[in-house]
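S.K.: This is target30.csv, which holds CSV, C-alpha atoms and all ligand atoms:
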```
chain,number,residue,atom,x,y,z
O,16,GLY,CA,17.8,10.2,-7.9
O,17,GLN,CA,16.9,10.0,-4.2
O,18,GLN,CA,16.0,13.3,-2.6
O,19,THR,CA,15.2,14.1,1.0
O,20,GLN,CA,12.0,16.0,0.4
O,21,LEU,CA,11.0,16.6,4.0
O,22,THR,CA,10.9,19.9,6.0
O,23,GLU,CA,10.1,20.5,9.6
O,24,VAL,CA,7.0,22.4,10.8
O,25,ALA,CA,6.4,22.7,14.5
O,26,GLY,CA,8.8,19.9,15.2
O,27,ILE,CA,7.2,17.6,12.6
O,28,LEU,CA,8.6,16.4,9.3
O,29,LEU,CA,6.3,17.0,6.4
O,30,GLN,CA,6.8,16.8,2.6
O,31,THR,CA,8.5,20.0,1.5
O,32,SER,CA,5.8,20.7,-1.1
O,33,THR,CA,3.2,20.6,1.8
O,34,VAL,CA,5.2,23.1,3.8
O,35,GLY,CA,5.4,25.3,0.8
O,36,ASN,CA,1.6,25.5,0.7
O,37,TRP,CA,1.2,25.8,4.5
O,38,SER,CA,-0.8,29.0,4.7
O,39,GLN,CA,-3.4,27.7,2.2
O,40,ILE,CA,-3.7,24.5,4.2
O,41,GLN,CA,-4.0,26.2,7.5
O,42,ASN,CA,-6.7,28.5,6.1
O,43,PHE,CA,-8.7,25.6,4.8
O,44,GLU,CA,-12.4,26.1,5.4
O,45,ALA,CA,-14.1,22.9,6.7
O,46,LYS,CA,-17.8,22.5,6.5
O,47,PRO,CA,-20.1,20.9,9.2
O,48,ASP,CA,-21.1,18.1,6.8
O,49,ASP,CA,-17.5,17.1,5.9
O,50,LEU,CA,-16.2,13.7,6.8
O,51,LEU,CA,-12.5,13.7,7.4
O,52,ILE,CA,-10.6,10.4,7.2
O,53,CYS,CA,-7.6,10.6,9.5
O,54,THR,CA,-4.7,8.2,9.8
O,55,TYR,CA,-1.0,8.0,10.6
O,56,PRO,CA,0.7,6.8,7.4
O,57,LYS,CA,0.5,3.0,6.7
O,58,SER,CA,-2.4,2.4,9.1
O,59,GLY,CA,-5.0,1.4,6.5
O,60,THR,CA,-5.8,4.7,4.9
O,61,THR,CA,-6.5,3.1,1.5
O,62,TRP,CA,-8.6,0.4,3.0
O,63,ILE,CA,-10.9,2.7,5.1
O,64,GLN,CA,-11.1,5.0,2.1
O,65,GLU,CA,-12.4,2.1,0.0
O,66,ILE,CA,-14.8,1.1,2.7
O,67,VAL,CA,-16.2,4.6,3.0
O,68,ASP,CA,-16.5,4.9,-0.7
O,69,MET,CA,-18.4,1.6,-1.1
O,70,ILE,CA,-20.8,2.7,1.7
O,71,GLU,CA,-21.3,6.1,0.1
O,72,GLN,CA,-22.0,4.5,-3.3
O,73,ASN,CA,-24.3,1.9,-1.7
O,74,GLY,CA,-22.0,-1.0,-2.7
O,75,ASP,CA,-22.1,-0.1,-6.4
O,76,VAL,CA,-18.5,-1.0,-7.5
O,77,GLU,CA,-18.7,0.8,-10.8
O,78,LYS,CA,-19.9,4.1,-9.3
O,79,CYS,CA,-17.2,3.7,-6.7
O,80,GLN,CA,-14.5,3.3,-9.3
O,81,ARG,CA,-15.8,6.4,-11.1
O,82,ALA,CA,-15.9,8.4,-7.8
O,83,LEU,CA,-12.3,7.4,-7.2
O,84,ILE,CA,-11.2,8.5,-10.6
O,85,GLN,CA,-12.8,11.9,-10.1
O,86,HIS,CA,-11.5,12.9,-6.7
O,87,ARG,CA,-10.1,10.1,-4.6
O,88,HIS,CA,-11.1,11.9,-1.4
O,89,PRO,CA,-8.7,14.9,-1.5
O,90,PHE,CA,-5.8,14.7,0.8
O,91,ILE,CA,-5.9,18.2,2.4
O,92,GLU,CA,-2.1,18.7,2.8
O,93,TRP,CA,-1.3,17.4,-0.7
O,94,ALA,CA,0.6,19.9,-2.8
O,95,ARG,CA,2.5,19.1,-6.0
O,96,PRO,CA,2.4,22.1,-8.3
O,97,PRO,CA,1.3,22.6,-11.1
O,98,GLN,CA,-1.4,20.1,-10.2
O,99,PRO,CA,-4.3,21.4,-8.1
O,100,SER,CA,-3.6,21.1,-4.4
O,101,GLY,CA,-5.7,19.0,-2.0
O,102,VAL,CA,-7.3,22.3,-0.7
O,103,GLU,CA,-8.2,23.4,-4.3
O,104,LYS,CA,-9.7,20.0,-5.1
O,105,ALA,CA,-11.7,20.0,-1.9
O,106,LYS,CA,-13.0,23.5,-2.7
O,107,ALA,CA,-14.2,22.3,-6.1
O,108,MET,CA,-16.1,19.4,-4.6
O,109,PRO,CA,-19.8,19.2,-4.0
O,110,SER,CA,-21.0,18.6,-0.4
O,111,PRO,CA,-21.1,16.4,1.6
O,112,ARG,CA,-17.3,16.0,1.1
O,113,ILE,CA,-15.1,13.2,2.2
O,114,LEU,CA,-11.6,14.3,2.8
O,115,ARG,CA,-8.4,12.7,4.0
O,116,THR,CA,-5.4,13.8,6.1
O,117,HIS,CA,-2.4,12.3,7.9
O,118,LEU,CA,-1.9,15.5,10.0
O,119,PRO,CA,-1.5,15.2,13.8
O,120,THR,CA,-4.2,17.1,15.8
O,121,HIS,CA,-2.1,20.1,16.6
O,122,LEU,CA,-1.4,20.8,12.9
O,123,LEU,CA,-4.9,20.3,11.6
O,124,PRO,CA,-6.4,23.4,10.0
O,125,PRO,CA,-8.4,25.0,12.9
O,126,SER,CA,-11.7,25.2,11.0
O,127,PHE,CA,-12.1,21.4,11.3
O,128,TRP,CA,-12.5,21.8,15.0
O,129,GLU,CA,-14.7,24.8,14.7
O,130,SER,CA,-17.0,23.2,12.1
O,131,ASN,CA,-17.7,20.2,14.4
O,132,CYS,CA,-17.6,17.9,11.4
O,133,LYS,CA,-17.2,14.1,11.6
O,134,PHE,CA,-13.8,12.5,11.9
O,135,LEU,CA,-13.0,8.9,11.2
O,136,TYR,CA,-9.6,7.8,12.7
O,137,VAL,CA,-8.0,4.5,12.0
O,138,ALA,CA,-5.1,3.4,14.2
O,139,ARG,CA,-2.7,0.5,13.6
O,140,ASN,CA,-0.4,-1.1,16.2
O,141,ALA,CA,3.0,0.7,16.1
O,142,LYS,CA,5.1,-2.3,15.3
O,143,ASP,CA,3.2,-3.4,12.2
O,144,CYS,CA,2.9,0.3,11.2
O,145,MET,CA,6.7,0.6,11.5
O,146,VAL,CA,7.3,-2.5,9.3
O,147,SER,CA,4.8,-1.2,6.7
O,148,TYR,CA,6.3,2.3,6.7
O,149,TYR,CA,9.8,0.8,6.3
O,150,HIS,CA,8.9,-1.1,3.2
O,151,PHE,CA,6.9,1.9,1.9
O,152,GLN,CA,10.0,4.1,2.2
O,153,ARG,CA,12.0,1.6,0.3
O,154,MET,CA,9.7,1.7,-2.6
O,155,ASN,CA,8.5,5.3,-2.5
O,156,GLN,CA,11.0,7.4,-4.4
O,157,LYS,CA,9.5,10.7,-3.0
O,158,LEU,CA,10.4,9.7,0.6
O,159,PRO,CA,13.9,9.3,2.1
O,160,ASP,CA,15.7,6.0,1.7
O,161,PRO,CA,15.0,4.2,5.1
O,162,GLY,CA,18.5,2.6,5.3
O,163,THR,CA,18.7,-0.7,7.0
O,164,TRP,CA,16.0,-2.1,9.3
O,165,ASP,CA,18.2,-1.3,12.3
O,166,ASP,CA,18.6,2.3,11.1
O,167,TYR,CA,14.9,2.7,10.5
O,168,PHE,CA,14.1,1.3,14.0
O,169,GLU,CA,15.8,4.4,15.4
O,170,THR,CA,14.3,6.8,12.9
O,171,PHE,CA,10.8,5.7,13.5
O,172,ILE,CA,11.1,5.7,17.3
O,173,ASN,CA,12.4,9.2,17.2
O,174,GLY,CA,9.6,10.3,15.0
O,175,LYS,CA,11.9,11.4,12.2
O,176,VAL,CA,9.6,10.3,9.5
O,177,ALA,CA,7.0,12.1,7.4
O,178,TRP,CA,4.0,13.2,9.5
O,179,GLY,CA,6.1,12.8,12.7
O,180,SER,CA,5.9,10.4,15.6
O,181,TRP,CA,3.4,7.6,15.7
O,182,PHE,CA,3.1,8.0,19.5
O,183,ASP,CA,2.2,11.6,19.4
O,184,HIS,CA,-0.2,11.1,16.4
O,185,VAL,CA,-2.2,8.3,18.0
O,186,ARG,CA,-2.2,9.9,21.5
O,187,GLY,CA,-3.3,13.2,20.1
O,188,TRP,CA,-6.3,11.8,18.2
O,189,TRP,CA,-7.2,9.4,21.0
O,190,GLU,CA,-7.4,12.3,23.4
O,191,MET,CA,-9.7,14.2,21.1
O,192,LYS,CA,-12.1,11.4,20.6
O,193,ASP,CA,-14.6,12.3,23.3
O,194,ARG,CA,-14.6,16.0,22.6
O,195,TYR,CA,-15.5,15.8,18.9
O,196,GLN,CA,-17.5,13.5,16.6
O,197,ILE,CA,-14.7,11.0,16.1
O,198,LEU,CA,-15.2,7.4,15.2
O,199,PHE,CA,-12.0,5.8,16.4
O,200,LEU,CA,-11.3,2.4,14.7
O,201,PHE,CA,-8.4,-0.1,14.8
O,202,TYR,CA,-6.9,-1.8,11.8
O,203,GLU,CA,-6.7,-5.0,13.7
O,204,ASP,CA,-10.4,-4.9,14.5
O,205,ILE,CA,-11.3,-4.4,10.8
O,206,LYS,CA,-9.1,-7.3,10.0
O,207,LYS,CA,-10.7,-9.5,12.6
O,208,ASP,CA,-14.3,-8.7,12.0
O,209,PRO,CA,-14.7,-6.5,8.9
O,210,LYS,CA,-18.5,-6.7,8.8
O,211,HIS,CA,-18.9,-5.4,12.3
O,212,GLU,CA,-16.5,-2.5,11.8
O,213,ILE,CA,-18.0,-1.7,8.4
O,214,GLN,CA,-21.4,-1.6,10.1
O,215,LYS,CA,-20.0,1.0,12.6
O,216,VAL,CA,-18.8,3.2,9.7
O,217,MET,CA,-22.1,2.9,8.0
O,218,GLN,CA,-24.0,4.0,11.1
O,219,PHE,CA,-21.5,6.8,11.6
O,220,MET,CA,-22.1,8.0,8.1
O,221,GLY,CA,-25.9,7.9,8.7
O,222,LYS,CA,-26.4,5.2,6.1
O,223,ASN,CA,-28.6,2.1,6.3
O,224,LEU,CA,-27.6,-0.7,3.9
O,225,ASP,CA,-29.0,-4.1,3.8
O,226,GLU,CA,-27.2,-7.3,4.7
O,227,THR,CA,-26.4,-8.3,1.1
O,228,VAL,CA,-24.9,-5.0,0.4
O,229,LEU,CA,-22.8,-5.1,3.5
O,230,ASP,CA,-21.6,-8.6,2.6
O,231,LYS,CA,-20.6,-7.3,-0.8
O,232,ILE,CA,-18.7,-4.5,0.7
O,233,VAL,CA,-16.8,-6.9,3.0
O,234,GLN,CA,-15.8,-9.0,-0.1
O,235,GLU,CA,-14.9,-6.0,-2.3
O,236,THR,CA,-12.7,-4.4,0.4
O,237,SER,CA,-10.7,-7.6,1.2
O,238,PHE,CA,-7.0,-7.4,0.9
O,239,GLU,CA,-7.1,-10.0,-2.0
O,240,LYS,CA,-9.6,-8.0,-4.0
O,241,MET,CA,-7.9,-4.7,-3.4
O,242,LYS,CA,-4.5,-6.1,-4.4
O,243,GLU,CA,-6.0,-7.0,-7.8
O,244,ASN,CA,-7.9,-3.7,-8.2
O,245,PRO,CA,-5.9,-1.2,-10.3
O,246,MET,CA,-7.8,1.7,-8.6
O,247,THR,CA,-6.6,0.6,-5.1
O,248,ASN,CA,-3.2,-1.1,-5.8
O,249,ARG,CA,-1.6,2.1,-7.1
O,250,SER,CA,-0.4,0.3,-10.2
O,251,THR,CA,-1.3,3.4,-12.2
O,252,ILE,CA,1.4,5.4,-10.4
O,253,PRO,CA,4.7,5.6,-12.4
O,254,LYS,CA,7.6,3.5,-11.2
O,255,SER,CA,9.6,6.7,-10.8
O,256,ILE,CA,7.3,7.5,-7.8
O,257,LEU,CA,6.3,4.1,-6.5
O,258,ASP,CA,8.6,1.3,-7.4
O,259,GLN,CA,6.5,-1.8,-6.8
O,260,SER,CA,9.3,-4.1,-7.9
O,261,ILE,CA,11.0,-3.2,-4.7
O,262,SER,CA,7.9,-3.8,-2.5
O,263,PRO,CA,4.3,-3.9,-3.6
O,264,PHE,CA,2.0,-1.1,-2.3
O,265,MET,CA,-0.5,-3.8,-1.3
O,266,ARG,CA,2.2,-5.7,0.6
O,267,LYS,CA,0.9,-8.2,3.1
O,268,GLY,CA,-2.1,-6.7,4.8
O,269,THR,CA,-1.7,-8.8,8.0
O,270,VAL,CA,-1.5,-8.3,11.8
O,271,GLY,CA,1.8,-9.5,13.4
O,272,ASP,CA,4.3,-9.2,10.5
O,273,TRP,CA,6.4,-7.3,13.0
O,274,LYS,CA,7.5,-10.7,14.4
O,275,ASN,CA,9.4,-11.3,11.1
O,276,HIS,CA,11.3,-8.0,11.5
O,277,PHE,CA,11.9,-7.2,15.2
O,278,THR,CA,14.8,-8.9,17.0
O,279,VAL,CA,14.2,-10.0,20.6
O,280,ALA,CA,16.3,-7.1,21.8
O,281,GLN,CA,14.5,-4.6,19.6
O,282,ASN,CA,11.2,-5.9,20.8
O,283,GLU,CA,12.2,-5.4,24.4
O,284,MET,CA,13.5,-2.0,23.8
O,285,PHE,CA,10.4,-1.0,21.9
O,286,ASP,CA,8.1,-2.2,24.6
O,287,GLU,CA,10.0,-0.1,27.1
O,288,ILE,CA,9.8,3.0,24.9
O,289,TYR,CA,6.2,2.4,24.2
O,290,ARG,CA,5.4,2.2,27.9
O,291,LYS,CA,7.0,5.5,28.6
O,292,LYS,CA,5.6,7.4,25.5
O,293,MET,CA,2.1,6.0,26.0
O,294,GLU,CA,2.0,6.3,29.7
O,295,GLY,CA,-1.4,7.6,31.0
O,296,THR,CA,-3.4,6.7,27.9
O,297,SER,CA,-6.1,4.0,28.0
O,298,ILE,CA,-5.5,3.0,24.4
O,299,ASN,CA,-4.9,-0.7,23.8
O,300,PHE,CA,-3.7,-2.4,20.7
O,301,CYS,CA,-4.0,-6.0,19.5
O,302,MET,CA,-0.5,-7.2,18.4
O,303,GLU,CA,-1.5,-10.5,16.8
O,304,LEU,CA,-4.7,-12.3,15.6
S,401,LIG,P1,1.3,-3.7,4.9
S,401,LIG,O1,2.5,-2.9,4.4
S,401,LIG,O2,1.6,-4.2,6.2
S,401,LIG,O3,0.9,-4.8,3.9
S,401,LIG,P2,-2.0,3.0,3.9
S,401,LIG,O4,-3.1,2.8,3.0
S,401,LIG,O5,-2.3,3.8,5.1
S,401,LIG,O6,-0.8,3.5,3.2
S,401,LIG,O7,-1.7,1.6,4.6
S,401,LIG,C1,-1.1,0.6,3.8
S,401,LIG,C2,-1.1,-0.7,4.6
S,401,LIG,O8,-2.5,-1.2,4.7
S,401,LIG,C3,-0.4,-1.8,3.9
S,401,LIG,O9,0.1,-2.7,5.0
S,401,LIG,C4,-1.4,-2.5,3.1
S,401,LIG,O10,-1.1,-3.8,2.6
S,401,LIG,C5,-2.6,-2.5,4.1
S,401,LIG,N1,-3.9,-2.7,3.4
S,401,LIG,C6,-4.4,-2.0,2.3
S,401,LIG,N2,-5.6,-2.5,2.0
S,401,LIG,C7,-5.9,-3.5,2.9
S,401,LIG,C8,-7.0,-4.4,3.1
S,401,LIG,N3,-8.0,-4.4,2.3
S,401,LIG,N4,-6.9,-5.3,4.1
S,401,LIG,C9,-5.8,-5.3,4.9
S,401,LIG,N5,-4.8,-4.5,4.8
S,401,LIG,C10,-4.8,-3.6,3.8
```
Show me, as structure tokens, the structure contained in the file I just sent.
Ligand code: A3P

M.R.:
Amino acid sequence: GQQTQLTEVAGILLQTSTVGNWSQIQNFEAKPDDLLICTYPKSGTTWIQEIVDMIEQNGDVEKCQRALIQHRHPFIEWARPPQPSGVEKAKAMPSPRILRTHLPTHLLPPSFWESNCKFLYVARNAKDCMVSYYHFQRMNQKLPDPGTWDDYFETFINGKVAWGSWFDHVRGWWEMKDRYQILFLFYEDIKKDPKHEIQKVMQFMGKNLDETVLDKIVQETSFEKMKENPMTNRSTIPKSILDQSISPFMRKGTVGDWKNHFTVAQNEMFDEIYRKKMEGTSINFCMEL
């Protein structure tokens, strides 16, 4: 059955199990050599995770698969007892650790800021993100039913989705980017020139891989390859959690699918809301390739 498993913390909806583990999460001890992958949901988390993994493993696909099986970059706010929480998994990991989060800046465990570790943020344009999240909520049985597209349009704009408002999330991280070690990337840029963006990640991670390895990473992290890869397409997750017959996890992987969903009126309304909510920021998104 469909259950609404979201609870509000500081005005933001999070999974109820996460909220149940809130003090452990807030007391998380970050280390200076941690790398935290940060994204708003549906912005390319799985993609950047695979890229980072391939760089870490020097392009060795098999090692990468093994690493994924072992830890999959613990998601710090993940809690689903009796399985070990993200915090517990992270604690058990050797350093340097690669961790993940969808938390907005104001809910991040404070030790991350104090540790001065590295952050890798990936942002995706709001319209494609909304479309992707809509289809994800249709197939994810642990999240509320999104209702119709028109219903969801309101829900998303009002930030009444898990991990809160896209606008606040992206603004918050964008505003932090010059104060901390944050590599701020865009989904659209990775799509347009994967090699260039992968190279930036490599440099940020303090790695130096040769051209052939880089080319291999570009190939192995393409949408087509990742859609076929059981470690990245989530086909190992039971249908009772992710029902891929409704919508595949690796759905389209494109820029501009919003054009197939937004009506002209919705698009105008959205642009107006976007202008107001993002007023004063210098961030700029590519809406089509
Ligand atoms: P779509 O639903 O638009 O297809 P996350 O991993 O943060 O949940 O994001 C999922 C989105 O990233 C999905 O978008 C998915 O298809 C896309 N994605 C995953 N791997 C990708 C890749 N290698 N190239 C392009 N898009 C990718």

S.K.: Compare O:Met265, O:Ile252, O:Met302, O:Ile197 by their minimum atom-to-atom distance to Asn131 in chain O, counting only C-alpha atoms, and give me the closest one.

M.R.: O:Ile197

S.K.: Please, which residues in chain O fall within 8 Å of ligand LIG 401 (chain S) when counting all atoms listed in the file, and what is the closest atom pair and distance in Å to one decimal for each, ordered by chain then residue number, as JSON lines?

M.R.:
```
{"residue": "O:Thr54", "atom": "CA", "partner": "S:LIG401", "partner_atom": "O5", "distance": 6.9}
{"residue": "O:Tyr55", "atom": "CA", "partner": "S:LIG401", "partner_atom": "O5", "distance": 7.0}
{"residue": "O:Pro56", "atom": "CA", "partner": "S:LIG401", "partner_atom": "O5", "distance": 4.8}
{"residue": "O:Lys57", "atom": "CA", "partner": "S:LIG401", "partner_atom": "O5", "distance": 3.3}
{"residue": "O:Ser58", "atom": "CA", "partner": "S:LIG401", "partner_atom": "O5", "distance": 4.2}
{"residue": "O:Gly59", "atom": "CA", "partner": "S:LIG401", "partner_atom": "O7", "distance": 3.8}
{"residue": "O:Thr60", "atom": "CA", "partner": "S:LIG401", "partner_atom": "O5", "distance": 3.6}
{"residue": "O:Thr61", "atom": "CA", "partner": "S:LIG401", "partner_atom": "O4", "distance": 3.7}
{"residue": "O:Trp62", "atom": "CA", "partner": "S:LIG401", "partner_atom": "N2", "distance": 4.3}
{"residue": "O:Asp143", "atom": "CA", "partner": "S:LIG401", "partner_atom": "O2", "distance": 6.3}
{"residue": "O:Cys144", "atom": "CA", "partner": "S:LIG401", "partner_atom": "O2", "distance": 6.9}
{"residue": "O:Val146", "atom": "CA", "partner": "S:LIG401", "partner_atom": "O2", "distance": 6.7}
{"residue": "O:Ser147", "atom": "CA", "partner": "S:LIG401", "partner_atom": "O1", "distance": 3.7}
{"residue": "O:Tyr148", "atom": "CA", "partner": "S:LIG401", "partner_atom": "O1", "distance": 6.8}
{"residue": "O:His150", "atom": "CA", "partner": "S:LIG401", "partner_atom": "O1", "distance": 6.8}
{"residue": "O:Phe151", "atom": "CA", "partner": "S:LIG401", "partner_atom": "O1", "distance": 7.0}
{"residue": "O:Tyr202", "atom": "CA", "partner": "S:LIG401", "partner_atom": "N5", "distance": 7.8}
{"residue": "O:Lys206", "atom": "CA", "partner": "S:LIG401", "partner_atom": "C9", "distance": 6.4}
{"residue": "O:Thr236", "atom": "CA", "partner": "S:LIG401", "partner_atom": "N3", "distance": 5.1}
{"residue": "O:Ser237", "atom": "CA", "partner": "S:LIG401", "partner_atom": "N3", "distance": 4.3}
{"residue": "O:Phe238", "atom": "CA", "partner": "S:LIG401", "partner_atom": "N3", "distance": 3.5}
{"residue": "O:Glu239", "atom": "CA", "partner": "S:LIG401", "partner_atom": "N3", "distance": 7.1}
{"residue": "O:Lys240", "atom": "CA", "partner": "S:LIG401", "partner_atom": "N3", "distance": 7.4}
{"residue": "O:Met241", "atom": "CA", "partner": "S:LIG401", "partner_atom": "N3", "distance": 5.7}
{"residue": "O:Lys242", "atom": "CA", "partner": "S:LIG401", "partner_atom": "N2", "distance": 7.4}
{"residue": "O:Thr247", "atom": "CA", "partner": "S:LIG401", "partner_atom": "N2", "distance": 7.8}
{"residue": "O:Phe264", "atom": "CA", "partner": "S:LIG401", "partner_atom": "O10", "distance": 6.4}
{"residue": "O:Met265", "atom": "CA", "partner": "S:LIG401", "partner_atom": "O10", "distance": 3.9}
{"residue": "O:Arg266", "atom": "CA", "partner": "S:LIG401", "partner_atom": "O3", "distance": 3.7}
{"residue": "O:Lys267", "atom": "CA", "partner": "S:LIG401", "partner_atom": "O3", "distance": 3.5}
{"residue": "O:Gly268", "atom": "CA", "partner": "S:LIG401", "partner_atom": "N5", "distance": 3.5}
{"residue": "O:Thr269", "atom": "CA", "partner": "S:LIG401", "partner_atom": "O2", "distance": 5.9}
{"residue": "O:Val270", "atom": "CA", "partner": "S:LIG401", "partner_atom": "O2", "distance": 7.6}
{"residue": "O:Asp272", "atom": "CA", "partner": "S:LIG401", "partner_atom": "O2", "distance": 7.1}
```

S.K.: Please provide the set of residues having any atom within 12 Å of Gly26 in chain O, restricted to only C-alpha atoms, with same-chain residues fewer than 5 positions apart removed, written as a PyMOL selection string.

M.R.: chain O and resi 21+119+121-122+173-180+183

S.K.: Counting all atoms listed in the file, select every polymer residue within 12 Å of (-13.1, 14.2, 18.8) as defined in the file's coordinates, and provide the selection as a CSV table (one decimal) with C-alpha atoms, in the frame of the given file.

M.R.:
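Writing done, so here's result10.csv:
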```
chain,number,residue,atom,x,y,z
O,51,LEU,CA,-12.5,13.7,7.4
O,53,CYS,CA,-7.6,10.6,9.5
O,120,THR,CA,-4.2,17.1,15.8
O,127,PHE,CA,-12.1,21.4,11.3
O,128,TRP,CA,-12.5,21.8,15.0
O,129,GLU,CA,-14.7,24.8,14.7
O,130,SER,CA,-17.0,23.2,12.1
O,131,ASN,CA,-17.7,20.2,14.4
O,132,CYS,CA,-17.6,17.9,11.4
O,133,LYS,CA,-17.2,14.1,11.6
O,134,PHE,CA,-13.8,12.5,11.9
O,135,LEU,CA,-13.0,8.9,11.2
O,136,TYR,CA,-9.6,7.8,12.7
O,187,GLY,CA,-3.3,13.2,20.1
O,188,TRP,CA,-6.3,11.8,18.2
O,189,TRP,CA,-7.2,9.4,21.0
O,190,GLU,CA,-7.4,12.3,23.4
O,191,MET,CA,-9.7,14.2,21.1
O,192,LYS,CA,-12.1,11.4,20.6
O,193,ASP,CA,-14.6,12.3,23.3
O,194,ARG,CA,-14.6,16.0,22.6
O,195,TYR,CA,-15.5,15.8,18.9
O,196,GLN,CA,-17.5,13.5,16.6
O,197,ILE,CA,-14.7,11.0,16.1
O,198,LEU,CA,-15.2,7.4,15.2
O,199,PHE,CA,-12.0,5.8,16.4
```

S.K.: I'd like the interatomic distance between CA of Arg186 in chain O and CA of Glu287 in chain O, to a tenth of an Å.

M.R.: 16.7 Å

S.K.: Which residues, written as a tab-separated table (two decimals) with C-alpha atoms, keeping the file's coordinate frame, have at least one atom at most 12 Å from Asp230 in chain O, with only C-alpha atoms counted and residues fewer than 3 positions away on the same chain left out?

M.R.:
```
chain	number	residue	atom	x	y	z
O	66	ILE	CA	-14.80	1.10	2.70
O	69	MET	CA	-18.40	1.60	-1.10
O	70	ILE	CA	-20.80	2.70	1.70
O	73	ASN	CA	-24.30	1.90	-1.70
O	74	GLY	CA	-22.00	-1.00	-2.70
O	208	ASP	CA	-14.30	-8.70	12.00
O	209	PRO	CA	-14.70	-6.50	8.90
O	210	LYS	CA	-18.50	-6.70	8.80
O	211	HIS	CA	-18.90	-5.40	12.30
O	213	ILE	CA	-18.00	-1.70	8.40
O	214	GLN	CA	-21.40	-1.60	10.10
O	224	LEU	CA	-27.60	-0.70	3.90
O	225	ASP	CA	-29.00	-4.10	3.80
O	226	GLU	CA	-27.20	-7.30	4.70
O	227	THR	CA	-26.40	-8.30	1.10
O	233	VAL	CA	-16.80	-6.90	3.00
O	234	GLN	CA	-15.80	-9.00	-0.10
O	235	GLU	CA	-14.90	-6.00	-2.30
O	236	THR	CA	-12.70	-4.40	0.40
O	237	SER	CA	-10.70	-7.60	1.20
```

S.K.: What's the separation between CA of Val185 in chain O and CA of Tyr167 in chain O, in Å to one decimal place?

M.R.: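 Going from CA of Val185 in chain O over to CA of Tyr167 in chain O, I get 19.5 Å.
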
S.K.: Name all residues at most 12 Å from Gly101 in chain O (count all atoms listed in the file; drop same-chain ones fewer than 4 positions away) and give them as a ChimeraX atom specification.

M.R.: /O:32-33,36-37,39-40,43,86-96,105-108,113-116

S.K.: Separation of CA of Val24 in chain O and CA of His184 in chain O, in Å?

M.R.: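 Taking CA of Val24 in chain O and CA of His184 in chain O, their separation equals 14.5 Å.
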
S.K.: Find, counting only C-alpha atoms, the residue in O:Asp204, O:Glu169, O:Glu212, O:Glu294 that gets nearest to Phe182 in chain O.

M.R.: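 Among O:Asp204, O:Glu169, O:Glu212, O:Glu294, it is O:Glu294 that comes nearest to Phe182 in chain O.
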
S.K.: Have a look at O:Met154, O:Leu118, O:Glu243, O:Gln218 and name the one nearest to Pro263 in chain O; count all atoms listed in the file.

M.R.: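 Using all atoms listed in the file, Pro263 in chain O sits closest to O:Met154.
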
S.K.: Can you take the partial range 68-76 of chain O, add N, CA, C and O atoms, and return it as a CSV table (one decimal), keeping the file's coordinate frame?

M.R.:
```
chain,number,residue,atom,x,y,z
O,68,ASP,N,-16.0,4.7,0.6
O,68,ASP,CA,-16.5,4.9,-0.7
O,68,ASP,C,-17.6,3.9,-1.1
O,68,ASP,O,-18.6,4.3,-1.7
O,69,MET,N,-17.4,2.7,-0.7
O,69,MET,CA,-18.4,1.6,-1.1
O,69,MET,C,-19.7,1.9,-0.3
O,69,MET,O,-20.8,1.7,-0.8
O,70,ILE,N,-19.6,2.4,0.9
O,70,ILE,CA,-20.8,2.7,1.7
O,70,ILE,C,-21.5,3.9,1.1
O,70,ILE,O,-22.7,3.9,0.8
O,71,GLU,N,-20.7,4.9,0.7
O,71,GLU,CA,-21.3,6.1,0.1
O,71,GLU,C,-22.0,5.8,-1.2
O,71,GLU,O,-23.0,6.3,-1.5
O,72,GLN,N,-21.4,4.9,-2.0
O,72,GLN,CA,-22.0,4.5,-3.3
O,72,GLN,C,-22.9,3.3,-3.2
O,72,GLN,O,-23.2,2.6,-4.2
O,73,ASN,N,-23.4,3.0,-1.9
O,73,ASN,CA,-24.3,1.9,-1.7
O,73,ASN,C,-23.9,0.5,-2.3
O,73,ASN,O,-24.7,-0.3,-2.8
O,74,GLY,N,-22.6,0.3,-2.2
O,74,GLY,CA,-22.0,-1.0,-2.7
O,74,GLY,C,-21.9,-1.1,-4.2
O,74,GLY,O,-21.7,-2.2,-4.7
O,75,ASP,N,-22.1,0.0,-4.9
O,75,ASP,CA,-22.1,-0.1,-6.4
O,75,ASP,C,-20.6,0.1,-6.8
O,75,ASP,O,-20.0,1.2,-6.8
O,76,VAL,N,-20.0,-1.0,-7.2
O,76,VAL,CA,-18.5,-1.0,-7.5
O,76,VAL,C,-18.2,-0.1,-8.6
O,76,VAL,O,-17.2,0.7,-8.5
```
